[in-house]
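**Q** The following file, run-v2.tsv, comprises TSV, C-alpha atoms and all ligand atoms:
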chain	number	residue	atom	x	y	z
C	1	MET	CA	-12.58	2.17	33.42
C	2	LYS	CA	-9.59	4.12	32.12
C	3	LYS	CA	-6.99	2.14	30.16
C	4	LEU	CA	-5.32	4.20	27.49
C	5	ILE	CA	-4.04	3.04	24.12
C	6	LEU	CA	-1.63	5.09	22.04
C	7	ALA	CA	-2.10	4.06	18.39
C	8	VAL	CA	0.19	4.75	15.44
C	9	GLU	CA	-0.57	4.46	11.71
C	10	THR	CA	2.03	4.82	8.94
C	11	SER	CA	0.98	2.26	6.31
C	12	CYS	CA	0.70	4.70	3.39
C	13	ASP	CA	0.91	8.49	3.15
C	14	GLU	CA	-0.67	9.63	6.42
C	15	THR	CA	1.43	9.88	9.57
C	16	ALA	CA	-1.12	9.47	12.34
C	17	ALA	CA	-1.34	8.98	16.09
C	18	SER	CA	-4.28	8.78	18.46
C	19	VAL	CA	-5.14	8.11	22.09
C	20	VAL	CA	-8.18	5.89	22.63
C	21	ASN	CA	-9.63	4.63	25.89
C	22	ILE	CA	-10.43	0.91	26.17
C	23	ASN	CA	-14.18	1.76	26.17
C	24	TYR	CA	-13.86	3.26	22.61
C	25	THR	CA	-13.72	6.89	23.80
C	26	LEU	CA	-11.55	8.92	21.46
C	27	LEU	CA	-9.24	11.33	23.31
C	28	SER	CA	-7.20	12.62	20.38
C	29	ASN	CA	-6.80	11.95	16.66
C	30	VAL	CA	-3.89	13.61	14.85
C	31	VAL	CA	-3.36	13.04	11.11
C	32	ALA	CA	-0.50	14.64	9.16
C	33	SER	CA	-1.31	14.16	5.50
C	34	GLN	CA	1.61	14.01	3.07
C	35	ILE	CA	-0.58	14.70	0.03
C	36	GLU	CA	1.25	17.95	-0.79
C	37	TRP	CA	4.53	16.05	-1.30
C	38	HIS	CA	3.02	13.29	-3.46
C	39	LYS	CA	0.62	15.43	-5.47
C	40	LYS	CA	3.03	16.45	-8.19
C	41	PHE	CA	3.79	12.79	-8.91
C	42	GLY	CA	0.09	11.92	-9.30
C	43	GLY	CA	0.27	9.23	-6.60
C	44	VAL	CA	2.11	8.05	-3.51
C	45	VAL	CA	5.90	7.74	-3.92
C	46	PRO	CA	6.94	5.04	-1.39
C	47	GLU	CA	10.42	6.46	-0.71
C	48	ILE	CA	9.06	9.95	-0.05
C	49	ALA	CA	6.36	8.47	2.21
C	50	SER	CA	8.96	6.66	4.36
C	51	ARG	CA	11.16	9.76	4.71
C	52	LYS	CA	8.21	11.99	5.63
C	53	HIS	CA	7.03	9.48	8.25
C	54	VAL	CA	10.48	9.63	9.85
C	55	GLU	CA	10.33	13.45	9.89
C	56	LEU	CA	6.79	13.66	11.23
C	57	ILE	CA	6.27	10.77	13.62
C	58	ASP	CA	7.80	12.35	16.74
C	59	SER	CA	5.76	15.53	16.59
C	60	VAL	CA	2.54	13.74	15.55
C	61	VAL	CA	2.76	11.36	18.53
C	62	LYS	CA	3.61	14.22	20.90
C	63	GLU	CA	0.62	16.21	19.61
C	64	ALA	CA	-1.69	13.20	20.10
C	65	ILE	CA	-0.51	12.84	23.71
C	66	ASP	CA	-0.86	16.58	24.39
C	67	LYS	CA	-4.31	16.85	22.79
C	68	ALA	CA	-5.51	13.90	24.88
C	69	GLY	CA	-4.38	15.81	27.97
C	70	VAL	CA	-2.25	12.90	29.21
C	71	GLY	CA	1.43	12.04	29.59
C	72	PHE	CA	3.40	9.02	28.34
C	73	GLY	CA	3.27	7.64	31.87
C	74	ASP	CA	-0.55	7.41	31.69
C	75	LEU	CA	-0.51	4.99	28.74
C	76	ASN	CA	-1.37	1.31	29.23
C	77	TYR	CA	-1.00	-0.13	25.73
C	78	LEU	CA	0.50	0.70	22.35
C	79	ALA	CA	-1.01	-0.27	18.98
C	80	VAL	CA	0.47	-0.04	15.52
C	81	THR	CA	-0.48	-0.97	11.96
C	82	LEU	CA	1.50	-4.05	11.03
C	83	GLY	CA	0.23	-4.31	7.45
C	84	PRO	CA	-0.85	-4.35	4.72
C	85	GLY	CA	0.90	-1.30	3.34
C	86	LEU	CA	4.19	0.04	2.02
C	87	ILE	CA	7.06	-1.78	3.71
C	88	GLY	CA	9.26	1.31	4.23
C	89	ALA	CA	6.32	3.29	5.59
C	90	LEU	CA	5.16	0.49	7.92
C	91	LEU	CA	8.70	0.07	9.23
C	92	VAL	CA	8.75	3.62	10.59
C	93	GLY	CA	5.59	3.18	12.67
C	94	VAL	CA	6.47	-0.32	13.85
C	95	SER	CA	10.07	0.54	14.85
C	96	PHE	CA	8.93	3.73	16.57
C	97	THR	CA	6.25	1.88	18.54
C	98	GLN	CA	8.60	-0.94	19.49
C	99	ALA	CA	11.19	1.54	20.78
C	100	LEU	CA	8.50	3.34	22.78
C	101	GLY	CA	7.13	0.03	24.09
C	102	TYR	CA	10.60	-1.00	25.18
C	103	SER	CA	11.35	2.26	26.94
C	104	LEU	CA	7.94	2.48	28.66
C	105	SER	CA	7.60	-1.29	29.26
C	106	LEU	CA	4.21	-1.36	27.55
C	107	PRO	CA	2.58	-4.23	25.64
C	108	ILE	CA	2.10	-3.67	21.88
C	109	VAL	CA	-0.76	-4.81	19.65
C	110	GLY	CA	-0.16	-5.30	15.90
C	111	ILE	CA	-3.13	-4.29	13.77
C	112	ASN	CA	-4.34	-5.23	10.30
C	113	HIS	CA	-5.09	-1.97	8.45
C	114	LEU	CA	-8.29	-3.35	6.89
C	115	ILE	CA	-9.72	-4.49	10.20
C	116	ALA	CA	-8.84	-1.04	11.57
C	117	HIS	CA	-10.98	0.56	8.83
C	118	VAL	CA	-13.90	-1.64	9.88
C	119	TRP	CA	-13.42	-0.91	13.58
C	120	ALA	CA	-13.55	2.89	13.06
C	121	ILE	CA	-17.33	2.69	13.44
C	122	PHE	CA	-17.06	1.51	17.07
C	123	LEU	CA	-15.66	4.94	18.00
C	124	ARG	CA	-19.13	6.30	17.21
C	125	LYS	CA	-21.56	3.42	17.58
C	126	SER	CA	-21.66	-0.10	18.82
C	127	VAL	CA	-22.67	-2.55	16.06
C	128	LYS	CA	-24.15	-5.95	16.90
C	129	PHE	CA	-22.45	-9.04	15.52
C	130	PRO	CA	-22.65	-10.52	12.98
C	131	PHE	CA	-22.34	-7.86	10.29
C	132	LEU	CA	-20.99	-7.48	6.78
C	133	ALA	CA	-18.20	-4.94	6.23
C	134	LEU	CA	-17.27	-3.28	2.96
C	135	VAL	CA	-13.79	-1.72	3.05
C	136	VAL	CA	-13.25	0.56	0.07
C	137	SER	CA	-9.98	2.46	-0.07
C	138	GLY	CA	-7.10	3.35	-2.36
C	139	GLY	CA	-5.51	-0.05	-1.86
C	140	HIS	CA	-8.44	-2.34	-1.12
C	141	THR	CA	-11.98	-3.28	-1.98
C	142	SER	CA	-12.96	-6.06	0.38
C	143	LEU	CA	-16.07	-7.65	1.78
C	144	LEU	CA	-15.69	-9.19	5.21
C	145	GLU	CA	-18.05	-11.23	7.32
C	146	VAL	CA	-17.56	-10.09	10.91
C	147	LYS	CA	-18.95	-12.83	13.13
C	148	GLY	CA	-17.50	-11.63	16.41
C	149	GLU	CA	-14.78	-9.45	17.93
C	150	VAL	CA	-11.97	-11.64	16.62
C	151	GLU	CA	-13.89	-13.84	14.19
C	152	ILE	CA	-13.52	-12.20	10.80
C	153	GLU	CA	-13.65	-13.92	7.41
C	154	PHE	CA	-12.96	-12.48	3.99
C	155	VAL	CA	-15.73	-13.12	1.49
C	156	GLY	CA	-14.65	-10.97	-1.47
C	157	ARG	CA	-11.88	-8.79	-2.79
C	158	THR	CA	-10.88	-6.89	-5.86
C	159	LEU	CA	-9.09	-8.94	-8.48
C	160	ASP	CA	-7.33	-5.91	-9.93
C	161	ASP	CA	-7.67	-2.18	-9.19
C	162	ALA	CA	-9.20	-1.12	-5.89
C	163	ALA	CA	-12.18	1.26	-6.09
C	164	GLY	CA	-10.14	4.25	-4.86
C	165	GLU	CA	-7.33	3.34	-7.23
C	166	ALA	CA	-9.82	3.49	-10.14
C	167	PHE	CA	-10.89	6.98	-8.99
C	168	ASP	CA	-7.23	8.05	-8.72
C	169	LYS	CA	-6.24	6.61	-12.12
C	170	VAL	CA	-9.20	8.10	-13.99
C	171	ALA	CA	-8.40	11.49	-12.40
C	172	LYS	CA	-4.74	11.18	-13.34
C	173	PHE	CA	-5.65	10.36	-16.94
C	174	LEU	CA	-7.77	13.52	-17.06
C	175	ASP	CA	-4.96	15.60	-15.46
C	176	LEU	CA	-7.02	16.17	-12.33
C	177	PRO	CA	-5.21	16.52	-8.98
C	178	TYR	CA	-4.32	13.63	-6.66
C	179	PRO	CA	-6.15	12.09	-4.84
C	180	GLY	CA	-8.79	11.74	-7.52
C	181	GLY	CA	-11.65	10.49	-5.34
C	182	PRO	CA	-12.69	13.76	-3.68
C	183	VAL	CA	-12.11	15.75	-6.90
C	184	ILE	CA	-14.29	13.39	-8.96
C	185	ASP	CA	-16.92	13.32	-6.19
C	186	ASN	CA	-17.16	17.12	-6.41
C	187	LEU	CA	-17.15	17.46	-10.19
C	188	ALA	CA	-19.65	14.62	-10.58
C	189	LYS	CA	-22.22	16.62	-8.58
C	190	GLU	CA	-22.69	18.82	-11.69
C	191	GLY	CA	-23.02	15.84	-14.05
C	192	ASN	CA	-25.67	13.38	-15.21
C	193	PRO	CA	-24.92	9.86	-13.94
C	194	GLU	CA	-26.93	8.34	-16.78
C	195	ALA	CA	-25.18	10.27	-19.57
C	196	ILE	CA	-22.82	7.41	-20.47
C	197	SER	CA	-23.46	3.75	-19.86
C	198	PHE	CA	-20.23	2.27	-18.50
C	199	PRO	CA	-19.88	-1.47	-17.75
C	200	ARG	CA	-20.67	-2.87	-14.31
C	201	ALA	CA	-18.35	-5.82	-13.78
C	202	MET	CA	-20.48	-8.02	-11.57
C	203	LEU	CA	-18.33	-11.15	-11.91
C	204	GLU	CA	-21.32	-13.49	-11.76
C	205	GLY	CA	-21.54	-15.93	-8.95
C	206	GLY	CA	-19.06	-14.47	-6.47
C	207	TYR	CA	-18.30	-11.58	-4.20
C	208	ASN	CA	-15.11	-10.46	-5.91
C	209	PHE	CA	-14.75	-7.09	-7.62
C	210	SER	CA	-12.96	-5.83	-10.73
C	211	PHE	CA	-12.54	-2.14	-11.58
C	212	SER	CA	-9.76	-2.10	-14.14
C	213	GLY	CA	-12.17	-2.81	-17.05
C	214	LEU	CA	-14.29	0.18	-16.03
C	215	LYS	CA	-11.20	2.40	-15.81
C	216	THR	CA	-10.13	1.27	-19.31
C	217	ALA	CA	-13.68	1.86	-20.64
C	218	VAL	CA	-13.51	5.48	-19.37
C	219	ILE	CA	-10.08	6.02	-20.93
C	220	ASN	CA	-11.18	4.47	-24.25
C	221	TYR	CA	-14.31	6.61	-24.27
C	222	VAL	CA	-12.26	9.79	-23.85
C	223	LYS	CA	-9.81	8.75	-26.57
C	224	ARG	CA	-12.63	7.82	-28.97
C	225	GLU	CA	-14.74	10.94	-28.45
C	226	GLY	CA	-11.86	13.41	-28.15
C	227	ARG	CA	-11.09	15.17	-24.89
C	228	GLU	CA	-12.27	18.60	-25.99
C	229	ARG	CA	-15.75	17.30	-26.94
C	230	ILE	CA	-16.41	15.61	-23.64
C	231	ASN	CA	-18.60	16.90	-20.86
C	232	ILE	CA	-16.31	16.14	-17.91
C	233	PRO	CA	-18.96	16.26	-15.13
C	234	ASP	CA	-21.19	13.85	-17.13
C	235	LEU	CA	-18.25	11.53	-17.74
C	236	LEU	CA	-17.26	11.52	-14.07
C	237	ALA	CA	-20.82	11.19	-12.76
C	238	SER	CA	-21.32	8.17	-15.08
C	239	PHE	CA	-18.03	6.59	-13.99
C	240	GLN	CA	-18.78	7.19	-10.31
C	241	GLU	CA	-22.27	5.72	-10.72
C	242	ALA	CA	-20.81	2.53	-12.20
C	243	VAL	CA	-18.40	2.14	-9.24
C	244	VAL	CA	-21.11	2.85	-6.69
C	245	ASP	CA	-23.62	0.48	-8.36
C	246	VAL	CA	-21.17	-2.42	-8.22
C	247	LEU	CA	-20.19	-1.74	-4.58
C	248	VAL	CA	-23.80	-1.49	-3.46
C	249	ASP	CA	-25.13	-4.43	-5.52
C	250	LYS	CA	-22.38	-6.80	-4.39
C	251	SER	CA	-22.85	-5.82	-0.76
C	252	LEU	CA	-26.60	-6.37	-1.02
C	253	LYS	CA	-26.10	-9.74	-2.67
C	254	ALA	CA	-23.78	-10.84	0.14
C	255	LEU	CA	-26.17	-9.53	2.81
C	256	LYS	CA	-29.11	-11.43	1.30
C	257	GLU	CA	-27.24	-14.68	0.72
C	258	LYS	CA	-25.75	-14.63	4.20
C	259	ASN	CA	-29.00	-13.55	5.73
C	260	MET	CA	-27.48	-10.49	7.42
C	261	LYS	CA	-29.11	-7.16	8.18
C	262	ARG	CA	-26.17	-4.94	9.13
C	263	LEU	CA	-23.60	-3.35	6.82
C	264	VAL	CA	-20.55	-1.34	7.92
C	265	VAL	CA	-18.88	0.67	5.15
C	266	SER	CA	-15.47	2.27	5.64
C	267	GLY	CA	-12.19	3.26	3.97
C	268	GLY	CA	-11.41	6.41	1.97
C	269	VAL	CA	-14.04	5.78	-0.72
C	270	ALA	CA	-16.73	5.56	1.99
C	271	ALA	CA	-16.38	9.36	2.06
C	272	ASN	CA	-17.94	9.43	-1.44
C	273	SER	CA	-21.17	11.40	-1.33
C	274	ARG	CA	-22.95	9.37	-4.03
C	275	LEU	CA	-22.07	6.10	-2.28
C	276	ARG	CA	-23.35	7.47	1.02
C	277	GLU	CA	-26.58	8.63	-0.68
C	278	LYS	CA	-27.16	5.26	-2.33
C	279	LEU	CA	-26.48	3.42	0.92
C	280	LYS	CA	-29.14	5.53	2.61
C	281	GLU	CA	-31.62	4.39	-0.05
C	282	VAL	CA	-30.60	0.78	0.49
C	283	SER	CA	-31.06	1.15	4.19
C	284	PHE	CA	-34.58	2.45	3.64
C	285	PHE	CA	-35.81	0.17	0.85
C	286	GLU	CA	-33.97	-3.05	1.70
C	287	ASN	CA	-34.36	-2.81	5.46
C	288	VAL	CA	-30.64	-3.00	6.12
C	289	ASP	CA	-28.95	-1.06	8.93
C	290	VAL	CA	-26.06	0.79	7.28
C	291	TYR	CA	-23.25	2.10	9.49
C	292	LEU	CA	-20.92	4.75	8.11
C	293	PRO	CA	-18.17	6.36	10.19
C	294	PRO	CA	-17.82	10.14	9.76
C	295	THR	CA	-15.56	10.95	6.79
C	296	SER	CA	-12.68	11.94	9.11
C	297	LEU	CA	-12.61	8.35	10.40
C	298	CYS	CA	-13.10	6.82	6.91
C	299	THR	CA	-9.78	8.00	5.45
C	300	ASP	CA	-6.54	6.76	7.04
C	301	ASN	CA	-6.14	7.65	10.72
C	302	ALA	CA	-4.76	6.11	13.92
C	303	ALA	CA	-7.99	6.30	15.94
C	304	MET	CA	-9.28	3.30	14.01
C	305	VAL	CA	-6.05	1.45	14.85
C	306	GLY	CA	-6.64	2.16	18.54
C	307	ALA	CA	-10.25	0.92	18.19
C	308	ALA	CA	-9.14	-2.29	16.48
C	309	ALA	CA	-6.67	-2.89	19.29
C	310	ILE	CA	-9.44	-3.18	21.91
C	311	PRO	CA	-10.66	-6.73	21.02
C	312	GLN	CA	-7.04	-7.85	20.63
C	313	ILE	CA	-6.14	-6.51	24.08
C	314	LYS	CA	-9.16	-8.30	25.56
C	315	ALA	CA	-8.06	-11.49	23.81
C	316	GLY	CA	-4.48	-11.03	25.06
C	317	ASN	CA	-2.97	-10.93	21.55
C	318	PHE	CA	0.25	-8.96	21.96
C	319	LEU	CA	3.25	-8.64	19.66
C	320	PRO	CA	6.70	-9.86	20.52
C	321	ILE	CA	9.09	-6.91	20.69
C	322	THR	CA	10.98	-8.36	17.70
C	323	ALA	CA	7.92	-8.51	15.37
C	324	SER	CA	8.33	-7.15	11.84
C	325	PRO	CA	5.83	-5.31	9.69
C	326	TYR	CA	4.12	-7.39	7.06
C	327	PRO	CA	3.35	-5.50	3.80
C	328	HIS	CA	1.20	-8.36	2.47
C	329	LEU	CA	-0.52	-9.29	5.71
C	330	ARG	CA	-2.67	-12.34	4.93
C	331	MET	CA	-5.95	-10.46	5.11
C	332	SER	CA	-4.66	-7.91	2.62
C	333	TYR	CA	-7.02	-8.72	-0.22
C	401	LIG	O1	-8.47	4.75	3.25
C	401	LIG	P1	-7.61	5.71	2.50
C	401	LIG	O2	-7.36	7.06	3.12
C	401	LIG	O3	-6.18	5.10	2.21
C	401	LIG	C1	-5.99	3.76	1.84
C	401	LIG	O4	-5.96	2.89	2.76
C	401	LIG	O5	-5.93	3.54	0.62
C	401	LIG	O6	-8.25	5.87	1.06
C	401	LIG	C2	-7.72	6.72	0.09
C	401	LIG	C3	-8.56	6.57	-1.17
C	401	LIG	C4	-7.99	7.32	-2.37
C	401	LIG	O7	-7.99	6.44	-3.48
C	401	LIG	C5	-8.99	8.46	-2.57
C	401	LIG	O8	-9.10	8.87	-3.91
C	401	LIG	C6	-10.27	7.82	-2.08
C	401	LIG	O9	-9.90	7.06	-0.95
C	401	LIG	N1	-11.28	8.82	-1.68
C	401	LIG	C7	-12.46	8.96	-2.31
C	401	LIG	C8	-13.10	10.07	-1.70
C	401	LIG	N2	-12.30	10.54	-0.69
C	401	LIG	C9	-11.17	9.76	-0.70
C	401	LIG	N3	-13.00	8.29	-3.34
C	401	LIG	C10	-14.20	8.68	-3.78
C	401	LIG	N4	-14.89	9.74	-3.26
C	401	LIG	C11	-14.38	10.44	-2.22
C	401	LIG	N5	-15.08	11.48	-1.70
C	402	ZN	ZN	-6.65	2.82	4.50
Would you encode the structure as structure tokens?

**A**
Amino acid sequence: MKKLILAVETSCDETAASVVNINYTLLSNVVASQIEWHKKFGGVVPEIASRKHVELIDSVVKEAIDKAGVGFGDLNYLAVTLGPGLIGALLVGVSFTQALGYSLSLPIVGINHLIAHVWAIFLRKSVKFPFLALVVSGGHTSLLEVKGEVEIEFVGRTLDDAAGEAFDKVAKFLDLPYPGGPVIDNLAKEGNPEAISFPRAMLEGGYNFSFSGLKTAVINYVKREGRERINIPDLLASFQEAVVDVLVDKSLKALKEKNMKRLVVSGGVAANSRLREKLKEVSFFENVDVYLPPTSLCTDNAAMVGAAAIPQIKAGNFLPITASPYPHLRMSY
């Protein structure tokens, strides 16, 4: 069956559009990254992000339509990220989609960005319910229990910095380029992960995370030892290992306690090579099926928004044309 969804994502610093068929076939996936414009500030500047979205959205959507080999008249549904994210950035995608929906008389689905990260996997593989999902990105570190297509419960979240944010802040402190995650991932390959023993904040008894103590421990270590005397790859490999250990241990704990055997991991940090390696080990030794989308679907994109729209369309959950974006959407832990 052919029912096409045009999806739009503008929650942070990627302007993205994608065409997805209702059976999870991906027809096009266009992502215009704004990293070049934010780099010199060491992080995303919300005002710049909004302005760039306005500049880019028309051509990104047009490219997604062209690459899918379809026309606007072939579309059946529209989907857009409603939140969580930067309000000015979200507004661009939501207003654009509403205008398009009005002019084409198409129903619109509003999507939670975190659920979209989880649903990216369905573009590659079908995962049986129930499963546990770990969403690790620049803004979020969340554990979700996915019981069914529209039955999703949050079981844990970060109480302070998100995992990706810790990567970005440690990189910034060391004057490494933004975003810090991929840079640290690369440099850490040359280092010894056991060189420095950084704390693993396990927050006994729950599924919540905390990464700001680890970030401070890294900064204090550098200040104490002196920057010139430090082996940067060892430092970064040890920091990365501490992040990965906590993510993996908490996920395993939740899987065991909830008696689940499937784990979906997504979000920008799911591109981390050490995390992916460790998850492979877990899969083997702990008899857990681990599902990882390809890295291109882990970082922000609109294909995942289109995928997340499918259960909502089936459930008939459409947005009123007057709906507003919601920067702190309830599931935004
Ligand atoms: O999902 P995403 O593109 O945007 C948000 O929703 O936040 O994630 C971006 C985050 C950034 O913090 C970036 O440093 C991190 O993902 N990241 C990584 C890697 N690639 C991207 N972190 C660790 N290792 C990586 N290879
Ligand atoms: Zn994201």

**Q** Smallest atom-to-atom distance to Thr15 (chain C): which of C:Glu36, C:Asp300, C:Glu151, C:Glu145, using only C-alpha atoms?

**A**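 Using only C-alpha atoms, the shortest distance to Thr15 (chain C) belongs to C:Asp300.
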
**Q** Collect all residues with atoms no farther than 8 Å from ligand LIG 401 (chain C), counting all atoms listed in the file, and output them as a PyMOL selection string.

**A** chain C and resi 11-14+113-114+117+136-140+163-168+178-186+266-273+298-301

**Q** What does the distance from CA of Ala79 (chain C) to CA of His53 (chain C) come to in Å, to one decimal?

**A**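 Computing it gives 16.6 Å between the two atoms.
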
**Q** Near Ile152 (chain C), counting all atoms listed in the file, which residues have an atom at most 10 Å away, once you skip same-chain residues fewer than 6 positions from it, shown as a ChimeraX atom specification?

**A** /C:115,130-133,144-146,331

**Q** Which of these residues is nearest to Gly42 (chain C), using all atoms listed in the file: C:Phe154, C:Tyr221, C:Phe129, C:Phe173?

**A**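 Closest candidate: C:Phe173.
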